[in-house]
file entry.txt (compact mmCIF, C-alpha atoms)
# COMPACT_ATOMS: atom_id res chain seq x y z
CA MET A 1 62.52 127.15 99.74
CA LYS A 2 64.91 126.93 102.69
CA LYS A 3 65.08 123.13 102.33
CA LEU A 4 65.87 123.48 98.63
CA MET A 5 68.65 125.98 99.34
CA MET A 6 70.11 123.69 102.03
CA MET A 7 70.10 120.75 99.58
CA ILE A 8 71.91 122.86 96.97
CA VAL A 9 74.53 123.96 99.51
CA LEU A 10 75.11 120.37 100.67
CA LEU A 11 75.41 119.06 97.11
CA THR A 12 77.88 121.84 96.27
CA MET A 13 79.99 121.00 99.32
CA MET A 14 80.01 117.29 98.44
CA MET A 15 81.05 118.03 94.86
CA THR A 16 83.83 120.34 96.10
CA VAL A 17 85.18 117.72 98.52
CA GLY A 18 85.04 115.07 95.78
CA ALA A 19 86.91 117.32 93.37
CA GLN A 20 89.60 118.07 95.95
CA THR A 21 90.03 114.36 96.69
CA THR A 22 90.40 113.56 93.00
CA GLN A 23 92.92 116.36 92.54
CA ASP A 24 95.00 115.02 95.44
CA ILE A 25 95.48 111.66 93.68
CA PRO A 26 98.43 111.82 91.25
CA THR A 27 98.23 110.22 87.82
CA LYS A 28 100.45 107.26 86.96
CA LYS A 29 102.40 109.52 84.59
CA GLU A 30 103.03 112.08 87.35
CA VAL A 31 104.17 109.33 89.72
CA ARG A 32 106.57 107.76 87.21
CA LYS A 33 108.07 111.16 86.51
CA TRP A 34 108.44 111.87 90.23
CA VAL A 35 110.13 108.53 90.92
CA LYS A 36 112.52 108.96 87.99
CA LYS A 37 113.40 112.52 89.00
CA GLY A 38 114.45 111.20 92.41
CA GLU A 39 113.26 114.10 94.58
CA TRP A 40 112.66 111.54 97.34
CA ARG A 41 116.18 110.02 97.33
CA ASN A 42 117.87 112.57 99.60
CA GLY A 43 121.27 111.24 98.58
CA PHE A 44 120.33 107.55 98.57
CA THR A 45 121.24 106.08 95.17
CA ALA A 46 122.07 102.46 96.04
CA ALA A 47 118.55 101.15 95.41
CA SER A 48 115.21 101.95 93.77
CA PRO A 49 111.63 100.83 94.48
CA ASP A 50 110.92 97.20 93.60
CA LYS A 51 108.32 96.66 90.87
CA THR A 52 105.93 95.38 93.56
CA VAL A 53 105.84 98.77 95.33
CA ASN A 54 102.62 100.79 95.02
CA LEU A 55 104.29 103.92 93.63
CA GLN A 56 101.14 106.01 93.81
CA GLU A 57 100.83 105.29 97.53
CA PHE A 58 104.56 105.97 97.96
CA TYR A 59 104.12 109.38 96.32
CA ILE A 60 101.12 110.26 98.50
CA GLN A 61 102.76 109.13 101.75
CA TYR A 62 106.01 110.92 100.93
CA LYS A 63 104.17 114.18 100.32
CA LYS A 64 102.23 113.79 103.58
CA ASN A 65 105.23 112.83 105.69
CA ARG A 66 108.32 114.12 103.95
CA GLN A 67 110.31 114.65 107.16
CA GLN A 68 110.33 110.96 108.05
CA TRP A 69 110.98 109.76 104.50
CA ASP A 70 113.83 112.25 103.99
CA ALA A 71 115.39 111.17 107.30
CA LEU A 72 115.05 107.50 106.34
CA PHE A 73 116.77 107.91 102.97
CA HIS A 74 119.45 110.20 104.41
CA TRP A 75 120.26 107.57 107.05
CA LEU A 76 120.52 104.86 104.39
CA ALA A 77 122.75 107.09 102.25
CA THR A 78 125.14 108.00 105.07
CA THR A 79 125.38 104.66 106.90
CA ASP A 80 127.67 101.72 106.10
CA LEU A 81 124.89 99.18 105.99
CA LEU A 82 127.19 96.17 105.71
CA SER A 83 129.39 96.94 108.71
CA ILE A 84 126.94 98.60 111.12
CA PRO A 85 126.24 96.27 114.09
CA LYS A 86 122.98 94.34 114.02
CA GLY A 87 120.27 95.64 116.32
CA LYS A 88 118.09 98.73 116.62
CA HIS A 89 119.47 102.12 115.60
CA PRO A 90 117.45 105.31 116.26
CA ILE A 91 117.48 107.72 113.35
CA GLU A 92 118.58 111.07 114.72
CA GLY A 93 115.99 113.83 114.88
CA THR A 94 113.04 111.47 114.38
CA THR A 95 111.04 108.76 116.11
CA LEU A 96 112.18 106.28 113.46
CA VAL A 97 114.24 103.23 114.38
CA ALA A 98 116.21 101.19 111.85
CA SER A 99 116.35 97.48 112.66
CA VAL A 100 119.46 95.84 111.23
CA GLU A 101 118.71 92.12 111.05
CA ASP A 102 121.18 89.33 110.33
CA SER A 103 118.81 86.48 109.70
CA GLN A 104 117.93 83.71 107.28
CA ASN A 105 115.03 82.62 105.13
CA GLU A 106 112.85 79.69 106.19
CA PRO A 107 110.32 77.37 104.52
CA LEU A 108 106.96 79.02 103.89
CA GLU A 109 105.17 76.95 106.53
CA LYS A 110 107.44 78.41 109.22
CA ARG A 111 106.83 82.02 108.23
CA GLY A 112 103.93 84.15 109.47
CA SER A 113 101.74 86.46 107.43
CA GLU A 114 100.97 89.98 108.57
CA SER A 115 99.77 93.47 107.84
CA HIS A 116 99.82 96.75 109.77
CA ARG A 117 97.40 99.63 110.17
CA ARG A 118 99.47 102.45 111.65
CA LYS A 119 102.88 101.74 110.14
CA ILE A 120 104.46 101.27 106.72
CA ASP A 121 107.02 98.46 106.44
CA PHE A 122 110.14 99.64 104.59
CA GLN A 123 112.48 96.71 103.91
CA TYR A 124 115.84 96.77 102.17
CA VAL A 125 117.99 93.67 101.68
CA VAL A 126 121.66 94.72 101.69
CA LYS A 127 123.17 91.23 101.60
CA GLY A 128 121.81 87.96 100.23
CA THR A 129 118.41 87.26 98.67
CA GLU A 130 115.18 87.42 100.67
CA GLY A 131 111.96 85.71 99.68
CA PHE A 132 108.73 87.68 100.02
CA ALA A 133 105.04 87.15 99.32
CA THR A 134 101.94 89.31 99.08
CA LEU A 135 98.55 87.76 99.83
CA ASP A 136 95.45 87.71 97.69
CA HIS A 137 92.77 89.61 99.62
CA ALA A 138 89.81 87.71 98.22
CA SER A 139 91.06 84.31 99.39
CA SER A 140 92.73 85.42 102.66
CA THR A 141 91.03 85.91 106.03
CA PRO A 142 92.28 87.23 109.39
CA ASN A 143 92.96 84.39 111.85
CA CYS A 144 93.23 86.61 114.94
CA GLN A 145 92.13 89.96 116.28
CA TYR A 146 94.15 93.04 115.44
CA ASP A 147 96.87 93.55 118.06
CA GLU A 148 96.73 97.27 118.83
CA LYS A 149 99.98 97.29 120.82
CA LYS A 150 102.04 95.47 118.19
CA ASP A 151 100.11 96.96 115.26
CA VAL A 152 99.74 93.61 113.53
CA ILE A 153 97.16 91.15 112.29
CA HIS A 154 97.79 87.67 110.83
CA TYR A 155 96.02 85.73 108.08
CA ASP A 156 95.04 82.35 106.70
CA TYR A 157 95.73 82.35 102.97
CA ASP A 158 95.75 80.25 99.80
CA ALA A 159 99.38 79.71 98.76
CA LYS A 160 98.29 79.04 95.17
CA LYS A 161 96.87 82.56 94.93
CA THR A 162 99.81 84.20 96.69
CA HIS A 163 102.39 86.26 94.78
CA PHE A 164 105.96 85.18 95.58
CA PHE A 165 109.04 87.20 94.68
CA ASP A 166 112.69 87.66 95.66
CA SER A 167 114.53 90.82 96.67
CA ARG A 168 118.22 91.66 96.84
CA ALA A 169 120.50 94.71 97.03
CA GLY A 170 119.53 97.31 94.46
CA ARG A 171 115.80 97.23 95.21
CA PHE A 172 113.75 98.06 98.30
CA ILE A 173 110.28 96.91 99.29
CA ILE A 174 107.52 99.02 100.84
CA PHE A 175 104.50 97.30 102.40
CA PHE A 176 101.56 99.65 102.99
CA PRO A 177 98.55 98.63 105.15
CA ASP A 178 96.83 97.07 102.12
CA ASP A 179 99.88 94.91 101.42
CA TRP A 180 99.27 91.74 103.42
CA HIS A 181 102.64 90.05 103.30
CA ILE A 182 105.12 87.37 104.35
CA ALA A 183 108.87 87.96 104.68
CA LYS A 184 112.00 85.79 104.91
CA ILE A 185 110.71 82.92 102.79
CA ALA A 186 113.26 80.37 101.59
CA THR A 187 114.44 81.00 98.02
CA LYS A 188 116.06 78.67 95.47
CA LYS A 189 119.48 80.07 96.36
CA ALA A 190 122.00 77.81 98.13
CA ASP A 191 122.66 80.43 100.81
CA GLN A 192 119.60 81.55 102.81
CA LYS A 193 121.47 84.00 105.05
CA ILE A 194 120.47 87.66 104.68
CA ARG A 195 121.07 91.09 106.14
CA VAL A 196 118.00 93.30 105.92
CA ILE A 197 117.16 96.82 107.09
CA VAL A 198 113.61 97.25 108.38
CA ILE A 199 112.18 100.70 109.18
CA LYS A 200 108.62 101.42 110.30
CA VAL A 201 107.27 104.69 108.93
CA ASP A 202 104.07 106.36 110.17
CA TYR A 203 101.11 105.80 107.84
CA LEU A 204 99.16 109.03 107.36
call {"tool": "encode", "arguments": {"input": "entry.txt", "output": "structure tokens"}}
result
Amino acid sequence: MKKLMMMIVLLTMMMTVGAQTTQDIPTKKEVRKWVKKGEWRNGFTAASPDKTVNLQEFYIQYKKNRQQWDALFHWLATTDLLSIPKGKHPIEGTTLVASVEDSQNEPLEKRGSESHRRKIDFQYVVKGTEGFATLDHASSTPNCQYDEKKDVIHYDYDAKKTHFFDSRAGRFIIFFPDDWHIAKIATKKADQKIRVIVIKVDYL
């Protein structure tokens, strides 16, 4: 009898945990409404999420870590992103650092692939057009061990199964740990020079 009661208690607990987990995941309709409402913007209206962004993950991470996301968007909204000097700029009141990069795109074979486990890659092109790619998981394999210090791992991938896209001012990109990606890939534009803002947000 005791064993039966224990089994019932355990099953009830598992069902409760499962229900809570399901309830924590927003529906696509809820996410679209949240993005459109702009609760997350904190004054930043110059750009919106690119269509490649996992909006459901964005919603979940924002709710878990609102302080960092609010600080990030406030900094973007109150900073002259075209005239600020290149380099690293700490975001006041947080551990976040905004990297302002004046760089240029390169041929695919010169660019490295990567993903991160502890950080989210927020990238916003404020000048020029940057080429990006996301890797197909099924045909990609790690080609090195995970670097704990740098929080990065690199991949071998099939370019034919890789999704390539461009980004420019007006849209921002967010790469979550499941987004294995390549940045600064040469585009079809004549000018490959870019200015991009990169901010690493804690992944919770």
call {"tool": "closest_residue", "arguments": {"input": "entry.txt", "among": "A:Gly43, A:Pro49, A:Gly128, A:Gly93", "to": "Arg168 in chain A", "atoms": "all atoms listed in the file"}}
result
A:Gly128
call {"tool": "atom_distance", "arguments": {"input": "entry.txt", "atom1": "CA of Val196 in chain A", "atom2": "CA of Tyr155 in chain A"}}
result
23.3 Å
call {"tool": "residues_around", "arguments": {"input": "entry.txt", "residues": "range 53-57 of chain A", "least_positions_apart": "6", "cutoff": "9 Å", "atoms": "only C-alpha atoms", "output": "mmCIF file with C-alpha atoms, keeping the file's coordinate frame"}}
result
data_model
loop_
_atom_site.group_PDB
_atom_site.id
_atom_site.type_symbol
_atom_site.label_atom_id
_atom_site.label_comp_id
_atom_site.auth_asym_id
_atom_site.auth_seq_id
_atom_site.Cartn_x
_atom_site.Cartn_y
_atom_site.Cartn_z
ATOM 1 C CA ILE A 25 95.480 111.660 93.680
ATOM 2 C CA PRO A 26 98.430 111.820 91.250
ATOM 3 C CA THR A 27 98.230 110.220 87.820
ATOM 4 C CA LYS A 28 100.450 107.260 86.960
ATOM 5 C CA VAL A 31 104.170 109.330 89.720
ATOM 6 C CA ARG A 32 106.570 107.760 87.210
ATOM 7 C CA VAL A 35 110.130 108.530 90.920
ATOM 8 C CA PHE A 172 113.750 98.060 98.300
ATOM 9 C CA ILE A 173 110.280 96.910 99.290
ATOM 10 C CA ILE A 174 107.520 99.020 100.840
ATOM 11 C CA PHE A 175 104.500 97.300 102.400
ATOM 12 C CA PHE A 176 101.560 99.650 102.990
#
call {"tool": "residues_around", "arguments": {"input": "entry.txt", "residues": "Lys150 in chain A", "least_positions_apart": "6", "cutoff": "12 Å", "atoms": "only C-alpha atoms", "output": "list in words"}}
result
Glu114, Ser115, His116, Arg117, Arg118, Lys119 and Lys200 of chain A
call {"tool": "atom_distance", "arguments": {"input": "entry.txt", "atom1": "CA of Lys88 in chain A", "atom2": "CA of Glu101 in chain A"}}
result
8.7 Å
call {"tool": "residues_around", "arguments": {"input": "entry.txt", "residues": "Leu108 in chain A", "least_positions_apart": "3", "cutoff": "7 Å", "atoms": "only C-alpha atoms", "output": "PyMOL selection string"}}
result
chain A and resi 111+185-186
call {"tool": "atom_distance", "arguments": {"input": "entry.txt", "atom1": "CA of Ile153 in chain A", "atom2": "CA of His89 in chain A"}}
result
25.1 Å
call {"tool": "closest_residue", "arguments": {"input": "entry.txt", "among": "A:Ser48, A:Gln68, A:Thr162, A:Ser113", "to": "Leu135 in chain A", "atoms": "only C-alpha atoms"}}
result
A:Thr162
call {"tool": "closest_residue", "arguments": {"input": "entry.txt", "among": "A:Trp34, A:Tyr157, A:Trp40, A:Trp180", "to": "Arg66 in chain A", "atoms": "all atoms listed in the file"}}
result
A:Trp40
call {"tool": "closest_residue", "arguments": {"input": "entry.txt", "among": "A:Ile194, A:Cys144, A:Ala133, A:Ala77", "to": "Ala169 in chain A", "atoms": "all atoms listed in the file"}}
result
A:Ile194
call {"tool": "residues_near_point", "arguments": {"input": "entry.txt", "point": "(119.1, 78.8, 94.7)", "cutoff": "12 Å", "atoms": "all atoms listed in the file", "output": "list in words"}}
result
Asn105, Gly128, Thr129, Glu130, Gly131, Asp166, Ala186, Thr187, Lys188, Lys189, Ala190, Asp191, Gln192 and Lys193 of chain A
call {"tool": "closest_residue", "arguments": {"input": "entry.txt", "among": "A:Tyr146, A:Tyr203, A:Phe44, A:Phe132", "to": "Leu76 in chain A", "atoms": "only C-alpha atoms"}}
result
A:Phe44
call {"tool": "closest_residue", "arguments": {"input": "entry.txt", "among": "A:Asp102, A:Glu148, A:Asp121, A:Glu92", "to": "Gln67 in chain A", "atoms": "only C-alpha atoms"}}
result
A:Glu92
call {"tool": "axis_aligned_box", "arguments": {"input": "entry.txt", "around": "range 33-37 of chain A", "padding_each_side": "8 Å", "output": "AutoDock Vina command-line options"}}
result
--center_x 110.7 --center_y 110.5 --center_z 88.7 --size_x 21.3 --size_y 20.0 --size_z 20.4
call {"tool": "build_atoms", "arguments": {"input": "entry.txt", "residues": "range 171-196 of chain A", "atoms": "N, CA and C atoms", "output": "CSV table (one decimal), in the frame of the given file"}}
result
chain,number,residue,atom,x,y,z
A,171,ARG,N,117.2,97.0,95.2
A,171,ARG,CA,115.8,97.2,95.2
A,171,ARG,C,115.3,97.3,96.7
A,172,PHE,N,114.4,98.1,97.0
A,172,PHE,CA,113.8,98.1,98.3
A,172,PHE,C,112.3,97.8,98.2
A,173,ILE,N,111.7,97.3,99.2
A,173,ILE,CA,110.3,96.9,99.3
A,173,ILE,C,109.6,97.9,100.2
A,174,ILE,N,108.3,98.2,99.9
A,174,ILE,CA,107.5,99.0,100.8
A,174,ILE,C,106.2,98.3,100.9
A,175,PHE,N,105.8,97.9,102.2
A,175,PHE,CA,104.5,97.3,102.4
A,175,PHE,C,103.6,98.3,103.1
A,176,PHE,N,102.5,98.7,102.4
A,176,PHE,CA,101.6,99.6,103.0
A,176,PHE,C,100.5,98.8,103.7
A,177,PRO,N,99.6,99.4,104.4
A,177,PRO,CA,98.6,98.6,105.2
A,177,PRO,C,97.8,97.7,104.3
A,178,ASP,N,97.6,98.0,103.0
A,178,ASP,CA,96.8,97.1,102.1
A,178,ASP,C,97.7,95.9,101.6
A,179,ASP,N,99.0,96.0,101.9
A,179,ASP,CA,99.9,94.9,101.4
A,179,ASP,C,100.0,93.8,102.5
A,180,TRP,N,99.2,92.8,102.5
A,180,TRP,CA,99.3,91.7,103.4
A,180,TRP,C,100.4,90.9,102.9
A,181,HIS,N,101.4,90.6,103.8
A,181,HIS,CA,102.6,90.0,103.3
A,181,HIS,C,103.3,89.0,104.2
A,182,ILE,N,104.3,88.3,103.6
A,182,ILE,CA,105.1,87.4,104.4
A,182,ILE,C,106.6,87.7,104.0
A,183,ALA,N,107.5,87.7,104.9
A,183,ALA,CA,108.9,88.0,104.7
A,183,ALA,C,109.7,86.8,105.0
A,184,LYS,N,111.0,86.8,104.6
A,184,LYS,CA,112.0,85.8,104.9
A,184,LYS,C,111.6,84.4,104.5
A,185,ILE,N,111.1,84.2,103.3
A,185,ILE,CA,110.7,82.9,102.8
A,185,ILE,C,111.9,82.3,102.0
A,186,ALA,N,112.1,81.0,102.2
A,186,ALA,CA,113.3,80.4,101.6
A,186,ALA,C,113.2,80.5,100.1
A,187,THR,N,114.3,80.8,99.5
A,187,THR,CA,114.4,81.0,98.0
A,187,THR,C,115.1,79.8,97.4
A,188,LYS,N,115.4,79.8,96.1
A,188,LYS,CA,116.1,78.7,95.5
A,188,LYS,C,117.6,78.8,95.6
A,189,LYS,N,118.0,79.9,96.2
A,189,LYS,CA,119.5,80.1,96.4
A,189,LYS,C,120.1,79.1,97.4
A,190,ALA,N,121.3,78.7,97.2
A,190,ALA,CA,122.0,77.8,98.1
A,190,ALA,C,122.2,78.4,99.5
A,191,ASP,N,122.4,79.7,99.5
A,191,ASP,CA,122.7,80.4,100.8
A,191,ASP,C,121.4,81.2,101.2
A,192,GLN,N,120.8,80.9,102.4
A,192,GLN,CA,119.6,81.6,102.8
A,192,GLN,C,119.9,82.7,103.8
A,193,LYS,N,121.1,82.9,104.1
A,193,LYS,CA,121.5,84.0,105.0
A,193,LYS,C,121.3,85.4,104.4
A,194,ILE,N,120.7,86.3,105.2
A,194,ILE,CA,120.5,87.7,104.7
A,194,ILE,C,120.8,88.7,105.7
A,195,ARG,N,121.0,89.9,105.3
A,195,ARG,CA,121.1,91.1,106.1
A,195,ARG,C,120.0,92.0,105.5
A,196,VAL,N,119.1,92.4,106.4
A,196,VAL,CA,118.0,93.3,105.9
A,196,VAL,C,117.8,94.5,106.9
